[in-house]
Amino acid sequence: MKDQLSVVSSVADIGKIIMATRKSNGLTQVDLVGLSNSGNRFLVDLEKGKPTIQMQKALDILSLLGLELVVRNKEFK
């Protein structure tokens, strides 16, 4: 599968990516909660883009889904 890059500027962007990846892998929220050992409320909040989510838990879920967060210098045009 070809790598897809997404520019993220908010927690809502991360939540959308997590939700889309979860669904494309045929997982329900309940499935992902069980696999990640996190709470249902956390996953719901993350997918909805709650700005005060715990970053490490979000990174753990990204990793579980085979995703990674890369930080780079912003390209100005």
# chains A, B, ... in the order shown; residues from 1 in each chain; ligands from 1

$ select_by_dssp --residues "chain A" --states "alpha helix (DSSP H)" --output "PyMOL selection string"
chain A and resi 11-24+29-36+40-48+55-64

$ atom_distance --atom1 "CA of Ser10 in chain A" --atom2 "CA of Arg41 in chain A"
19.2 Å

$ residues_around --residues "Asp60 in chain A" --least-positions-apart "4" --cutoff "8 Å" --atoms "only C-alpha atoms" --output "list in words"
Ser36, Gln56 and Leu64 of chain A

$ atom_distance --atom1 "CA of Phe42 in chain A" --atom2 "CA of Ser9 in chain A"
19.9 Å

$ closest_residue --among "A:Leu65, A:Ala12, A:Met19, A:Val7" --to "Leu35 in chain A" --atoms "only C-alpha atoms"
A:Leu65

$ closest_residue --among "A:Lys77, A:Thr28, A:Ser6, A:Ile18" --to "Leu59 in chain A" --atoms "only C-alpha atoms"
A:Ile18

$ atom_distance --atom1 "CA of Glu47 in chain A" --atom2 "CA of Leu62 in chain A"
11.6 Å

$ closest_residue --among "A:Ala58, A:Arg72, A:Val11, A:Leu5" --to "Ser38 in chain A" --atoms "only C-alpha atoms"
A:Ala58

$ residues_around --residues "Gln4 in chain A" --least-positions-apart "6" --cutoff "12 Å" --atoms "only C-alpha atoms" --output "ChimeraX atom specification"
/A:17,21,67-68

$ closest_residue --among "A:Leu69, A:Gly15, A:Phe76, A:Leu43" --to "Asp31 in chain A" --atoms "only C-alpha atoms"
A:Leu43
